[in-house]
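The next block is start27.tsv, given as TSV, C-alpha atoms and all ligand atoms.
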```tsv
chain	number	residue	atom	x	y	z
M	195	MET	CA	0.00	0.00	0.00
M	196	ILE	CA	2.14	2.80	-1.40
M	197	ILE	CA	1.31	6.52	-1.34
M	198	ASP	CA	0.86	7.35	-5.00
M	199	ARG	CA	-0.59	10.84	-4.94
M	200	ALA	CA	-0.78	13.72	-2.46
M	201	GLU	CA	-2.89	16.81	-3.10
M	202	VAL	CA	-3.34	19.94	-1.00
M	203	VAL	CA	-6.86	21.29	-1.39
M	204	VAL	CA	-7.76	24.83	-0.29
M	205	THR	CA	-11.43	25.72	-0.16
M	206	SER	CA	-13.47	28.51	1.42
M	207	PRO	CA	-17.15	27.46	1.53
M	208	ASP	CA	-18.08	29.35	4.73
M	209	ARG	CA	-14.48	29.94	5.79
M	210	ASN	CA	-11.01	28.74	4.70
M	211	PHE	CA	-10.01	25.08	5.03
M	212	VAL	CA	-6.79	23.31	4.05
M	213	THR	CA	-7.10	19.57	3.39
M	214	LEU	CA	-4.47	17.01	2.46
M	215	LYS	CA	-5.72	14.15	0.31
M	216	LEU	CA	-3.53	11.05	-0.03
M	217	THR	CA	-4.20	8.29	-2.56
M	218	THR	CA	-2.54	4.87	-2.49
M	219	ASP	CA	-1.52	2.72	-5.46
M	220	ASP	CA	-4.49	0.45	-4.74
M	221	GLY	CA	-6.89	3.40	-4.88
M	222	LEU	CA	-7.60	4.06	-1.19
M	223	THR	CA	-7.85	7.71	-0.18
M	224	GLY	CA	-7.27	9.46	3.13
M	225	LEU	CA	-8.00	13.01	4.29
M	226	GLY	CA	-6.18	15.22	6.80
M	227	ASP	CA	-7.06	18.68	8.14
M	228	ALA	CA	-4.24	21.27	8.02
M	229	THR	CA	-6.27	24.44	8.64
M	230	LEU	CA	-4.43	27.14	10.62
M	231	ASN	CA	-6.85	30.03	11.07
M	232	GLY	CA	-5.48	33.24	9.53
M	233	ARG	CA	-2.19	31.60	8.42
M	234	GLU	CA	-3.61	28.94	6.09
M	235	MET	CA	-1.28	29.50	3.16
M	236	ALA	CA	1.86	28.98	5.28
M	237	VAL	CA	0.77	25.38	5.91
M	238	VAL	CA	-0.17	24.97	2.24
M	239	ALA	CA	3.39	25.94	1.25
M	240	TYR	CA	4.93	23.71	3.95
M	241	LEU	CA	2.91	20.75	2.71
M	242	ALA	CA	3.12	21.34	-1.04
M	243	ASP	CA	6.79	22.37	-1.20
M	244	HIS	CA	8.34	20.22	1.51
M	245	VAL	CA	6.10	17.32	2.59
M	246	VAL	CA	4.21	16.09	-0.48
M	247	PRO	CA	7.46	15.26	-2.38
M	248	LEU	CA	8.63	13.18	0.62
M	249	LEU	CA	5.42	11.15	0.84
M	250	ILE	CA	5.27	9.75	-2.69
M	251	GLY	CA	6.41	6.14	-2.67
M	252	ARG	CA	6.19	5.63	1.12
M	253	ASP	CA	4.32	2.70	2.71
M	254	ALA	CA	0.96	4.14	3.80
M	255	HIS	CA	0.73	1.63	6.68
M	256	ARG	CA	3.76	3.09	8.49
M	257	ILE	CA	2.02	5.89	10.41
M	258	GLU	CA	4.42	6.23	13.35
M	259	ASP	CA	7.50	5.91	11.15
M	260	THR	CA	6.19	8.62	8.80
M	261	TRP	CA	5.41	10.89	11.75
M	262	GLN	CA	8.92	10.49	13.19
M	263	PHE	CA	10.48	10.92	9.75
M	264	LEU	CA	8.65	14.21	9.07
M	265	TYR	CA	9.27	15.54	12.59
M	266	ARG	CA	12.94	14.62	12.93
M	267	SER	CA	14.16	14.98	9.36
M	268	ALA	CA	13.00	18.61	9.16
M	269	TYR	CA	15.49	19.42	11.96
M	270	TRP	CA	13.37	22.55	12.74
M	271	ARG	CA	10.79	21.25	15.19
M	272	ARG	CA	7.44	22.15	16.71
M	273	GLY	CA	5.38	25.25	15.97
M	274	PRO	CA	1.87	25.52	14.57
M	275	VAL	CA	2.78	25.38	10.87
M	276	THR	CA	4.98	22.28	11.16
M	277	MET	CA	2.62	20.47	13.51
M	278	ALA	CA	-0.52	21.21	11.45
M	279	ALA	CA	1.23	19.85	8.36
M	280	ILE	CA	2.34	16.67	10.18
M	281	ALA	CA	-1.15	16.37	11.70
M	282	ALA	CA	-2.73	16.32	8.24
M	283	VAL	CA	-0.44	13.51	7.09
M	284	ASP	CA	-1.11	11.54	10.28
M	285	MET	CA	-4.90	11.90	10.01
M	286	ALA	CA	-4.89	10.93	6.33
M	287	LEU	CA	-2.83	7.78	7.09
M	288	TRP	CA	-5.21	6.74	9.92
M	289	ASP	CA	-8.09	7.31	7.49
M	290	ILE	CA	-6.41	5.03	4.93
M	291	LYS	CA	-5.56	2.37	7.52
M	292	GLY	CA	-9.18	2.32	8.68
M	293	LYS	CA	-10.42	1.89	5.12
M	294	ALA	CA	-7.87	-0.87	4.48
M	295	ALA	CA	-9.02	-2.66	7.65
M	296	GLY	CA	-12.72	-1.99	6.99
M	297	MET	CA	-13.02	-0.36	10.43
M	298	PRO	CA	-13.70	3.09	11.85
M	299	VAL	CA	-10.52	4.67	13.25
M	300	TYR	CA	-11.75	4.48	16.87
M	301	GLN	CA	-11.72	0.67	16.59
M	302	LEU	CA	-8.04	0.76	15.61
M	303	LEU	CA	-7.33	2.96	18.66
M	304	GLY	CA	-8.71	0.33	21.04
M	305	GLY	CA	-12.45	0.59	20.50
M	306	ALA	CA	-15.12	2.72	22.13
M	307	SER	CA	-14.71	3.63	25.82
M	308	ARG	CA	-18.18	5.24	25.91
M	309	ASN	CA	-21.44	5.46	23.96
M	310	GLY	CA	-21.00	9.05	22.80
M	311	LEU	CA	-19.13	12.30	23.42
M	312	LEU	CA	-20.61	15.02	25.61
M	313	ALA	CA	-20.26	18.24	23.61
M	314	TYR	CA	-20.58	21.92	24.48
M	315	GLY	CA	-21.71	24.79	22.29
M	316	HIS	CA	-21.12	28.54	22.33
M	317	ALA	CA	-23.92	30.72	23.68
M	318	SER	CA	-23.33	34.45	23.53
M	319	GLY	CA	-25.10	37.80	23.64
M	320	LYS	CA	-24.30	41.47	23.83
M	321	THR	CA	-26.84	41.72	26.66
M	322	THR	CA	-28.13	39.29	29.29
M	323	ASP	CA	-31.43	38.91	27.43
M	324	GLU	CA	-29.65	38.03	24.19
M	325	LEU	CA	-27.46	35.59	26.10
M	326	PHE	CA	-30.45	33.86	27.71
M	327	ASP	CA	-32.08	33.47	24.27
M	328	SER	CA	-28.87	31.99	22.92
M	329	ILE	CA	-28.61	29.52	25.83
M	330	ARG	CA	-32.24	28.43	25.30
M	331	SER	CA	-31.64	28.01	21.58
M	332	HIS	CA	-28.60	25.81	22.29
M	333	GLN	CA	-30.64	23.70	24.71
M	334	GLU	CA	-33.28	23.27	21.99
M	335	GLN	CA	-30.52	22.06	19.64
M	336	GLY	CA	-29.71	19.40	22.23
M	337	TYR	CA	-26.65	20.89	23.91
M	338	ARG	CA	-26.21	19.71	27.51
M	339	ALA	CA	-23.19	21.91	28.27
M	340	ILE	CA	-22.77	25.53	27.27
M	341	ARG	CA	-19.98	28.07	27.01
M	342	VAL	CA	-21.12	31.53	28.10
M	343	GLN	CA	-19.62	34.76	26.65
M	344	THR	CA	-21.19	38.21	26.85
M	345	GLY	CA	-20.54	41.78	25.93
M	346	VAL	CA	-18.87	43.98	28.55
M	347	PRO	CA	-20.38	47.42	29.19
M	348	GLY	CA	-18.16	50.11	27.67
M	349	LEU	CA	-16.45	47.80	25.16
M	350	LYS	CA	-17.47	48.00	21.50
M	351	SER	CA	-16.75	44.40	20.63
M	352	ILE	CA	-15.48	41.37	22.46
M	353	TYR	CA	-14.26	37.87	21.76
M	354	GLY	CA	-16.86	35.16	21.46
M	355	ILE	CA	-19.94	37.27	20.73
M	356	ALA	CA	-21.68	36.28	17.53
M	357	SER	CA	-22.52	38.90	14.90
M	358	ASN	CA	-20.88	41.93	16.45
M	359	ALA	CA	-22.50	45.16	15.28
M	360	THR	CA	-19.07	46.70	14.73
M	361	TYR	CA	-18.43	44.23	11.92
M	362	GLU	CA	-21.61	44.94	10.09
M	363	ALA	CA	-20.35	48.33	8.96
M	364	MET	CA	-17.06	46.84	7.80
M	365	GLU	CA	-16.13	45.22	4.55
M	366	GLY	CA	-16.56	41.48	4.45
M	367	VAL	CA	-18.90	39.14	6.20
M	368	ARG	CA	-18.76	37.87	9.72
M	369	TYR	CA	-20.86	34.78	10.01
M	370	ASP	CA	-22.19	33.51	13.28
M	371	HIS	CA	-19.54	32.51	15.85
M	372	GLU	CA	-16.65	32.93	13.39
M	373	PRO	CA	-14.10	35.46	14.58
M	374	ALA	CA	-11.94	35.40	11.44
M	375	GLN	CA	-12.91	38.35	9.27
M	376	ARG	CA	-12.61	38.19	5.49
M	377	GLY	CA	-10.56	41.12	4.21
M	378	ALA	CA	-7.01	42.37	3.73
M	379	LEU	CA	-6.36	43.47	7.32
M	380	PRO	CA	-7.21	42.11	10.79
M	381	ALA	CA	-10.08	43.90	12.54
M	382	GLU	CA	-9.23	45.96	15.61
M	383	GLU	CA	-11.18	45.34	18.83
M	384	ASP	CA	-10.94	47.06	22.22
M	385	TRP	CA	-10.27	45.67	25.65
M	386	ASP	CA	-10.47	46.69	29.33
M	387	THR	CA	-9.56	43.99	31.84
M	388	ARG	CA	-10.96	45.76	34.92
M	389	ALA	CA	-14.36	46.25	33.27
M	390	TYR	CA	-14.35	42.57	32.25
M	391	LEU	CA	-13.44	41.32	35.73
M	392	ARG	CA	-16.24	43.39	37.28
M	393	HIS	CA	-18.83	42.22	34.77
M	394	VAL	CA	-18.29	38.47	34.30
M	395	PRO	CA	-19.33	37.27	37.79
M	396	THR	CA	-22.62	39.20	37.50
M	397	VAL	CA	-23.35	37.39	34.22
M	398	PHE	CA	-22.78	33.95	35.75
M	399	GLU	CA	-24.92	34.85	38.75
M	400	ALA	CA	-27.76	35.80	36.38
M	401	VAL	CA	-27.31	32.62	34.30
M	402	ARG	CA	-27.35	30.38	37.39
M	403	ASN	CA	-30.47	32.16	38.70
M	404	GLU	CA	-32.23	31.65	35.37
M	405	PHE	CA	-31.04	28.17	34.36
M	406	GLY	CA	-30.33	26.50	37.73
M	407	SER	CA	-27.32	24.70	39.14
M	408	GLU	CA	-27.27	21.54	36.99
M	409	LEU	CA	-26.30	22.92	33.57
M	410	PRO	CA	-22.51	22.63	32.97
M	411	LEU	CA	-21.20	26.13	32.13
M	412	LEU	CA	-17.86	27.05	30.60
M	413	HIS	CA	-16.11	30.36	29.97
M	414	ASP	CA	-13.10	31.46	27.89
M	415	ALA	CA	-10.91	34.40	29.01
M	416	HIS	CA	-8.93	34.10	25.75
M	417	HIS	CA	-5.40	34.64	27.10
M	418	ARG	CA	-6.07	38.21	28.24
M	419	LEU	CA	-5.27	38.24	31.94
M	420	THR	CA	-2.14	38.50	34.05
M	421	PRO	CA	-1.62	35.67	36.57
M	422	ILE	CA	-3.03	37.63	39.51
M	423	GLN	CA	-6.03	38.81	37.45
M	424	ALA	CA	-6.62	35.20	36.42
M	425	ALA	CA	-6.53	34.14	40.07
M	426	GLN	CA	-9.02	36.88	40.91
M	427	LEU	CA	-11.40	35.74	38.14
M	428	GLY	CA	-11.20	32.07	39.11
M	429	LYS	CA	-11.96	32.97	42.72
M	430	SER	CA	-14.86	35.28	41.85
M	431	LEU	CA	-16.46	32.56	39.67
M	432	GLU	CA	-16.25	29.78	42.29
M	433	PRO	CA	-19.85	30.27	43.52
M	434	TYR	CA	-21.13	29.50	39.99
M	435	ASP	CA	-19.47	26.07	39.71
M	436	LEU	CA	-17.90	26.32	36.24
M	437	PHE	CA	-17.14	23.13	34.30
M	438	TRP	CA	-13.99	24.99	33.27
M	439	LEU	CA	-12.39	28.39	32.91
M	440	GLU	CA	-10.34	28.48	29.73
M	441	ASP	CA	-7.13	30.26	28.68
M	442	VAL	CA	-6.96	32.59	31.66
M	443	THR	CA	-3.40	33.63	30.81
M	444	PRO	CA	-1.38	33.51	27.56
M	445	ALA	CA	0.14	30.28	29.00
M	446	GLU	CA	3.56	30.58	27.39
M	447	ASN	CA	4.68	31.31	30.95
M	448	GLN	CA	3.52	28.04	32.45
M	449	GLU	CA	4.81	28.80	35.95
M	450	ALA	CA	2.20	31.56	36.13
M	451	LEU	CA	-0.46	28.90	36.56
M	452	ARG	CA	1.03	27.91	39.92
M	453	LEU	CA	-0.07	31.30	41.23
M	454	VAL	CA	-3.56	30.88	39.75
M	455	ARG	CA	-3.88	27.41	41.32
M	456	GLN	CA	-2.93	28.73	44.75
M	457	HIS	CA	-5.97	30.99	44.73
M	458	THR	CA	-8.81	29.12	43.08
M	459	THR	CA	-10.47	25.71	42.76
M	460	THR	CA	-12.22	26.68	39.49
M	461	PRO	CA	-11.11	23.99	36.97
M	462	LEU	CA	-8.71	25.27	34.30
M	463	ALA	CA	-8.49	24.36	30.61
M	464	ILE	CA	-5.55	25.37	28.41
M	465	GLY	CA	-3.74	24.34	25.26
M	466	GLU	CA	-5.54	25.29	22.04
M	467	ILE	CA	-2.41	27.08	20.83
M	468	PHE	CA	0.01	24.39	22.06
M	469	ASN	CA	1.42	21.97	19.48
M	470	THR	CA	3.37	19.19	21.19
M	471	VAL	CA	3.62	17.10	24.34
M	472	TRP	CA	6.65	19.19	25.29
M	473	ASP	CA	4.45	22.32	25.48
M	474	TYR	CA	2.42	20.46	28.11
M	475	GLN	CA	5.26	18.87	30.06
M	476	GLN	CA	5.28	21.22	33.04
M	477	ILE	CA	1.57	22.01	33.33
M	478	ILE	CA	0.62	18.32	33.24
M	479	ARG	CA	3.40	17.14	35.58
M	480	GLU	CA	2.61	19.88	38.11
M	481	GLN	CA	-1.16	19.37	37.65
M	482	LEU	CA	-1.67	23.04	36.81
M	483	ILE	CA	-4.61	22.34	34.46
M	484	ASP	CA	-7.65	20.05	34.45
M	485	TYR	CA	-8.36	19.83	30.70
M	486	VAL	CA	-6.13	19.61	27.60
M	487	ARG	CA	-7.54	21.94	24.92
M	488	SER	CA	-5.44	20.83	21.94
M	489	ALA	CA	-7.00	20.04	18.58
M	490	VAL	CA	-5.85	16.97	16.64
M	491	THR	CA	-5.26	19.40	13.75
M	492	HIS	CA	-2.76	21.61	15.62
M	493	THR	CA	-1.00	18.99	17.72
M	494	GLY	CA	0.60	16.63	15.23
M	495	GLY	CA	-2.45	14.47	14.55
M	496	ILE	CA	-4.12	11.53	16.25
M	497	SER	CA	-0.80	9.78	17.00
M	498	HIS	CA	0.74	12.71	18.86
M	499	LEU	CA	-2.34	14.05	20.67
M	500	LYS	CA	-3.00	10.53	21.97
M	501	LYS	CA	0.47	10.62	23.56
M	502	VAL	CA	-0.36	13.98	25.20
M	503	LEU	CA	-3.66	12.62	26.53
M	504	ASP	CA	-2.12	9.35	27.76
M	505	TYR	CA	0.43	11.43	29.68
M	506	ALA	CA	-2.38	13.63	31.06
M	507	ALA	CA	-4.33	10.55	32.16
M	508	GLN	CA	-1.68	9.73	34.76
M	509	TYR	CA	-2.64	12.95	36.54
M	510	GLN	CA	-6.44	12.63	36.12
M	511	ILE	CA	-6.34	15.44	33.55
M	512	LYS	CA	-8.95	15.00	30.83
M	513	SER	CA	-9.47	15.94	27.20
M	514	GLY	CA	-11.36	19.03	26.08
M	515	MET	CA	-10.39	19.10	22.42
M	516	HIS	CA	-10.63	22.37	20.50
M	517	GLY	CA	-13.57	22.32	18.09
M	518	PRO	CA	-14.41	25.78	16.71
M	519	THR	CA	-15.48	26.17	13.09
M	520	ASP	CA	-11.88	26.50	11.90
M	521	ILE	CA	-11.36	22.82	12.72
M	522	SER	CA	-12.59	21.27	9.47
M	523	PRO	CA	-15.06	18.37	9.40
M	524	VAL	CA	-12.00	16.12	8.87
M	525	GLY	CA	-10.31	17.48	12.02
M	526	MET	CA	-13.57	17.16	13.95
M	527	ALA	CA	-13.96	13.53	12.87
M	528	ALA	CA	-10.40	12.80	14.02
M	529	ALA	CA	-11.22	14.37	17.41
M	530	MET	CA	-14.37	12.25	17.73
M	531	HIS	CA	-12.56	8.97	16.98
M	532	LEU	CA	-9.81	9.80	19.47
M	533	GLY	CA	-12.28	11.04	22.11
M	534	LEU	CA	-14.40	7.91	21.82
M	535	ALA	CA	-11.38	5.63	22.29
M	536	ILE	CA	-9.42	7.21	25.16
M	537	HIS	CA	-10.40	6.61	28.78
M	538	ASN	CA	-9.78	10.19	29.98
M	539	PHE	CA	-12.26	11.95	27.70
M	540	GLY	CA	-13.71	15.10	29.29
M	541	ILE	CA	-15.84	17.07	26.84
M	542	GLN	CA	-15.75	18.00	23.13
M	543	GLU	CA	-16.20	21.55	21.83
M	544	TYR	CA	-18.68	21.43	18.95
M	545	MET	CA	-19.91	24.28	16.75
M	546	ARG	CA	-21.91	23.50	13.69
M	547	HIS	CA	-20.31	24.20	10.34
M	548	GLY	CA	-22.15	26.17	7.66
M	549	ALA	CA	-24.37	24.50	5.05
M	550	LYS	CA	-21.82	25.01	2.25
M	551	THR	CA	-19.09	23.38	4.36
M	552	ASP	CA	-21.34	20.38	4.96
M	553	GLN	CA	-21.76	20.02	1.18
M	554	VAL	CA	-18.02	20.16	0.51
M	555	PHE	CA	-17.30	17.62	3.28
M	556	GLN	CA	-19.67	14.64	3.36
M	557	GLN	CA	-19.78	13.45	6.95
M	558	SER	CA	-21.06	10.41	8.82
M	559	PHE	CA	-20.98	11.57	12.47
M	560	THR	CA	-24.18	11.73	14.53
M	561	TRP	CA	-25.39	14.38	17.01
M	562	GLU	CA	-28.11	13.14	19.32
M	563	ASN	CA	-29.27	14.35	22.74
M	564	GLY	CA	-26.13	16.39	23.29
M	565	PHE	CA	-23.74	13.58	22.34
M	566	LEU	CA	-21.52	13.19	19.27
M	567	HIS	CA	-20.49	9.88	17.68
M	568	PRO	CA	-18.11	9.57	14.70
M	569	GLY	CA	-20.18	6.83	13.04
M	570	ASN	CA	-19.04	3.43	11.83
M	571	ASN	CA	-17.85	4.07	8.28
M	572	PRO	CA	-14.33	2.71	7.66
M	573	GLY	CA	-11.62	5.31	8.33
M	574	LEU	CA	-12.53	8.78	9.59
M	575	GLY	CA	-15.92	8.78	7.86
M	576	VAL	CA	-15.48	12.03	5.90
M	577	GLU	CA	-15.20	12.42	2.11
M	578	LEU	CA	-14.25	15.57	0.19
M	579	ASP	CA	-16.34	16.58	-2.84
M	580	LEU	CA	-13.72	18.14	-5.13
M	581	ASP	CA	-16.32	19.62	-7.49
M	582	GLU	CA	-17.99	21.41	-4.58
M	583	SER	CA	-14.70	22.51	-2.99
M	584	GLY	CA	-13.57	23.95	-6.35
M	585	LYS	CA	-16.46	26.41	-6.27
M	586	TYR	CA	-14.96	28.24	-3.29
M	587	PRO	CA	-11.42	29.57	-3.77
M	588	TYR	CA	-9.33	30.83	-0.83
M	589	VAL	CA	-10.37	34.21	0.59
M	590	GLN	CA	-7.91	36.14	2.75
M	591	ALA	CA	-9.18	36.32	6.34
M	592	TYR	CA	-7.61	37.23	9.66
M	593	LEU	CA	-8.44	36.86	13.33
M	594	PRO	CA	-8.96	40.25	15.04
M	595	PHE	CA	-6.52	41.88	17.45
M	596	ASN	CA	-6.98	44.08	20.54
M	597	ARG	CA	-5.89	47.54	21.59
M	598	LEU	CA	-6.30	49.00	25.06
M	599	ALA	CA	-7.83	52.48	25.52
M	600	ASP	CA	-4.36	54.09	25.31
M	601	GLY	CA	-3.56	52.34	22.03
M	602	THR	CA	-1.40	49.50	23.39
M	603	VAL	CA	-1.71	46.19	21.49
M	604	HIS	CA	-3.10	43.52	23.82
M	605	ASP	CA	-3.61	39.75	23.68
M	606	TRP	CA	-6.68	38.89	21.63
D	701	MG	MG	-10.55	29.03	23.49
```
Reformat the file's structure so that it appears as structure tokens.
Ligand SMILES: [Mg+2]
Amino acid sequence: MIIDRAEVVVTSPDRNFVTLKLTTDDGLTGLGDATLNGREMAVVAYLADHVVPLLIGRDAHRIEDTWQFLYRSAYWRRGPVTMAAIAAVDMALWDIKGKAAGMPVYQLLGGASRNGLLAYGHASGKTTDELFDSIRSHQEQGYRAIRVQTGVPGLKSIYGIASNATYEAMEGVRYDHEPAQRGALPAEEDWDTRAYLRHVPTVFEAVRNEFGSELPLLHDAHHRLTPIQAAQLGKSLEPYDLFWLEDVTPAENQEALRLVRQHTTTPLAIGEIFNTVWDYQQIIREQLIDYVRSAVTHTGGISHLKKVLDYAAQYQIKSGMHGPTDISPVGMAAAMHLGLAIHNFGIQEYMRHGAKTDQVFQQSFTWENGFLHPGNNPGLGVELDLDESGKYPYVQAYLPFNRLADGTVHDW
């Protein structure tokens, strides 16, 4: 089973996606997601110029050997571009192996450890009323766990709020829950940490009063706080029993989380911008987090993220894989197979893709009563319609960035 062909497909149905498609000499195909939001074309070049030529002629069965070859032979290691490219190859090879075996990938990873994957969605609103409507609408869609983000009085726009009014006047389209803005330049947003820290606990108090104590609630601070501000937020949210508080600090400084841990028992989730097990070494060993936020797509694929999660399992740290709309249906399928197989699954982030995306990527997963299942098709269970994908060429799009009131650039 030799890799005969490798194609990098860029398509932008509702947003940009980068997909690697491998074909073997006996006609099996495999797909891998290599989408890096706002830096898509860097991964395209890495794959097309430096990885595709190395894959032709290799044995498609040798997943681990190919991973190690791509990682070590590059000499330059880690980083989001490298690890997204390797992830796409890894996913595509698992897809092929599943098809060759006639089994879904989760069976090759040890079989199902549960019946389905608890998933959370993103409720948001500029006001409390809008937020409540959004939570109710998510519950009607079956969600049993909900991330809560709201506007902050005095700030024009803020991370995680769907359909910001500020974008409507700008060029391009911002579709629901998608922060990347189509256009030549990143959008500028504003930020005020003190206003945010005052406001957020009042929102969670209102949500608990309205929706009761049972509903699992999550919140994302999106890397914007200093360690002591993060500690303050975790402490102030303790009465509202969060499932997790995400990305409280930028997390490159992992020791900072020791300080946060000393002050709060609110569970912490981090890692969506980490790429390897080495990025997690200290925070897992010192038990500074409760959930690993990595996506299969950005962490070297199924093979490597499984190593991260097996390491985390020793410390009772669970998975909380990244699943916003910039994880393609292929990357989401990979997350579902991995999440179904591992013992230390926690929760899966799940936002629905747009209708055009669902036409480009034919999928076999199920979503019932708040639980995801990858389905039982051989491989990952996703096929790419090249005719459909060809209708939507790449469109430049960037994530926004923040400035403080005095003009200083801040973490977004
Ligand atoms: Mg996040």
Could the residues of chain M that have an atom at most 8 Å from ligand MG 701 (chain D) be listed as a Markdown table, each with its closest atom pair and the distance in Å to one decimal, counting all atoms listed in the file and ordered by chain and ascending residue number?
```
| residue | atom | partner | partner_atom | distance |
| --- | --- | --- | --- | --- |
| M:Asp414 | CA | D:MG701 | MG | 5.6 |
| M:Ala415 | CA | D:MG701 | MG | 7.7 |
| M:His416 | CA | D:MG701 | MG | 5.8 |
| M:Glu440 | CA | D:MG701 | MG | 6.3 |
| M:Asp441 | CA | D:MG701 | MG | 6.3 |
| M:Ile464 | CA | D:MG701 | MG | 7.9 |
| M:Glu466 | CA | D:MG701 | MG | 6.4 |
| M:Arg487 | CA | D:MG701 | MG | 7.8 |
| M:His516 | CA | D:MG701 | MG | 7.3 |
```
So how many Å separate atom CA of M:Met297 and atom CA of M:Ser497, to one decimal?
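Distance between the two atoms: 17.2 Å.
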Selected residue of minimal separation from M:Tyr588 among M:Phe555, M:Phe405, M:Phe211, M:Phe263, counting all atoms listed in the file
M:Phe211
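Between atom CA of M:Leu303 and atom CA of M:Leu264 the interatomic distance comes to 21.8 Å.
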Each residue of stretch 444-558 of chain M with at least one atom at most 10 Å from stretch 371-394 of chain M should appear once, together with its nearest atom pair and the corresponding distance in Å (one decimal); atoms considered: all atoms listed in the file; ordering: chain, then increasing residue number; output as JSON lines.
```
{"residue": "M:Pro518", "atom": "CA", "partner": "M:Glu372", "partner_atom": "CA", "distance": 8.2}
{"residue": "M:Thr519", "atom": "CA", "partner": "M:Glu372", "partner_atom": "CA", "distance": 6.9}
{"residue": "M:Asp520", "atom": "CA", "partner": "M:Glu372", "partner_atom": "CA", "distance": 8.1}
{"residue": "M:Met545", "atom": "CA", "partner": "M:His371", "partner_atom": "CA", "distance": 8.3}
{"residue": "M:Arg546", "atom": "CA", "partner": "M:His371", "partner_atom": "CA", "distance": 9.6}
{"residue": "M:His547", "atom": "CA", "partner": "M:Glu372", "partner_atom": "CA", "distance": 9.9}
```
What's around M:His255 at 10 Å? Count all atoms listed in the file, leave out sequence neighbours fewer than 6 positions away in its own chain, and write the answer as a PDB file with C-alpha atoms, keeping the file's coordinate frame.
```
ATOM      1  CA  MET M 195       0.000   0.000   0.000  1.00  0.00           C
ATOM      2  CA  ILE M 196       2.140   2.800  -1.400  1.00  0.00           C
ATOM      3  CA  ILE M 197       1.310   6.520  -1.340  1.00  0.00           C
ATOM      4  CA  LEU M 287      -2.830   7.780   7.090  1.00  0.00           C
ATOM      5  CA  TRP M 288      -5.210   6.740   9.920  1.00  0.00           C
ATOM      6  CA  ILE M 290      -6.410   5.030   4.930  1.00  0.00           C
ATOM      7  CA  LYS M 291      -5.560   2.370   7.520  1.00  0.00           C
ATOM      8  CA  ALA M 294      -7.870  -0.870   4.480  1.00  0.00           C
TER       9      ALA M 294
END
```
For M:Tyr240: contacts at 10 Å, only C-alpha atoms, fewer than 6 positions along chain excluded, given as a PDB file with C-alpha atoms, in the coordinates of the input:
```
ATOM      1  CA  VAL M 246       4.210  16.090  -0.480  1.00  0.00           C
ATOM      2  CA  VAL M 275       2.780  25.380  10.870  1.00  0.00           C
ATOM      3  CA  THR M 276       4.980  22.280  11.160  1.00  0.00           C
ATOM      4  CA  ALA M 278      -0.520  21.210  11.450  1.00  0.00           C
ATOM      5  CA  ALA M 279       1.230  19.850   8.360  1.00  0.00           C
ATOM      6  CA  ILE M 280       2.340  16.670  10.180  1.00  0.00           C
TER       7      ILE M 280
END
```
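Atom pair atom CA of M:Ser318 / atom CA of M:Ala400: separated by 13.7 Å.
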Find the spatial neighbours of M:Ser407, counting only C-alpha atoms, within a cut-off of 12 Å - ignore same-chain residues fewer than 4 positions away - and output them as an MDAnalysis selection string.
chainID M and resid 339 398:403 411 433:437
Which residue is closest to M:Thr420? Choose from M:Asp219, M:Glu404, M:Glu446, M:Glu480 and count all atoms listed in the file.
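So, comparing all the options, the nearest one is M:Glu446.
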Put the listed atoms of stretch 482-490 of chain M in a box along x, y and z with 6 Å added on every side and give me the centre and edge lengths in Å to one decimal, as JSON.
```
{"center_x": -5.0, "center_y": 20.0, "center_z": 26.7, "size_x": 18.7, "size_y": 18.1, "size_z": 32.2}
```
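Checking M:Gln262, M:Asn231, M:Thr218, M:Thr223 one by one against M:Ala281, counting all atoms listed in the file, you find the shortest gap at M:Gln262.
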When distances are computed from only C-alpha atoms, which of M:His316, M:Arg308, M:His332, M:His244 shows the smallest separation from M:Val202?
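Closest residue, counting only C-alpha atoms: M:His244.
The shortest atom-to-atom distance to M:Gln508, with all atoms listed in the file taken into account, belongs to M:Ile478 out of M:Leu534, M:Leu453, M:Ile478, M:Val524.
With only C-alpha atoms as the atoms that count, the minimum distance from M:Asn309 to the choices M:Met235, M:Ala599, M:Val589, M:Leu566 is reached by M:Leu566.
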Taking (-7.9, 9.1, 8.1) as a centre in this file's frame and 7 Å as the limit, can you find every polymer residue with an atom that close, using only C-alpha atoms, and give them as a PyMOL selection string?
chain M and resi 224-226+285-290+292+573-574
Keeping C-alpha atoms, export the residues of the selection given above as a short mmCIF file (atom, residue, chain, number, x, y, z; two decimals), in the coordinates of the input.
```
data_model
loop_
_atom_site.label_atom_id
_atom_site.label_comp_id
_atom_site.auth_asym_id
_atom_site.auth_seq_id
_atom_site.Cartn_x
_atom_site.Cartn_y
_atom_site.Cartn_z
CA GLY M 224 -7.27 9.46 3.13
CA LEU M 225 -8.00 13.01 4.29
CA GLY M 226 -6.18 15.22 6.80
CA MET M 285 -4.90 11.90 10.01
CA ALA M 286 -4.89 10.93 6.33
CA LEU M 287 -2.83 7.78 7.09
CA TRP M 288 -5.21 6.74 9.92
CA ASP M 289 -8.09 7.31 7.49
CA ILE M 290 -6.41 5.03 4.93
CA GLY M 292 -9.18 2.32 8.68
CA GLY M 573 -11.62 5.31 8.33
CA LEU M 574 -12.53 8.78 9.59
#
```
Write out as a list in words which residues come within 12 Å of M:Arg479 when counting all atoms listed in the file, dropping same-chain ones fewer than 2 positions away.
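Listed by chain and then number, they are Gln448, Glu449, Arg452, Val471, Trp472, Asp473, Tyr474, Gln475, Gln476, Ile477, Gln481, Leu482, Ile483, Asp484, Val502, Tyr505, Ala506, Ala507, Gln508, Tyr509, Gln510 and Ile511 of chain M.
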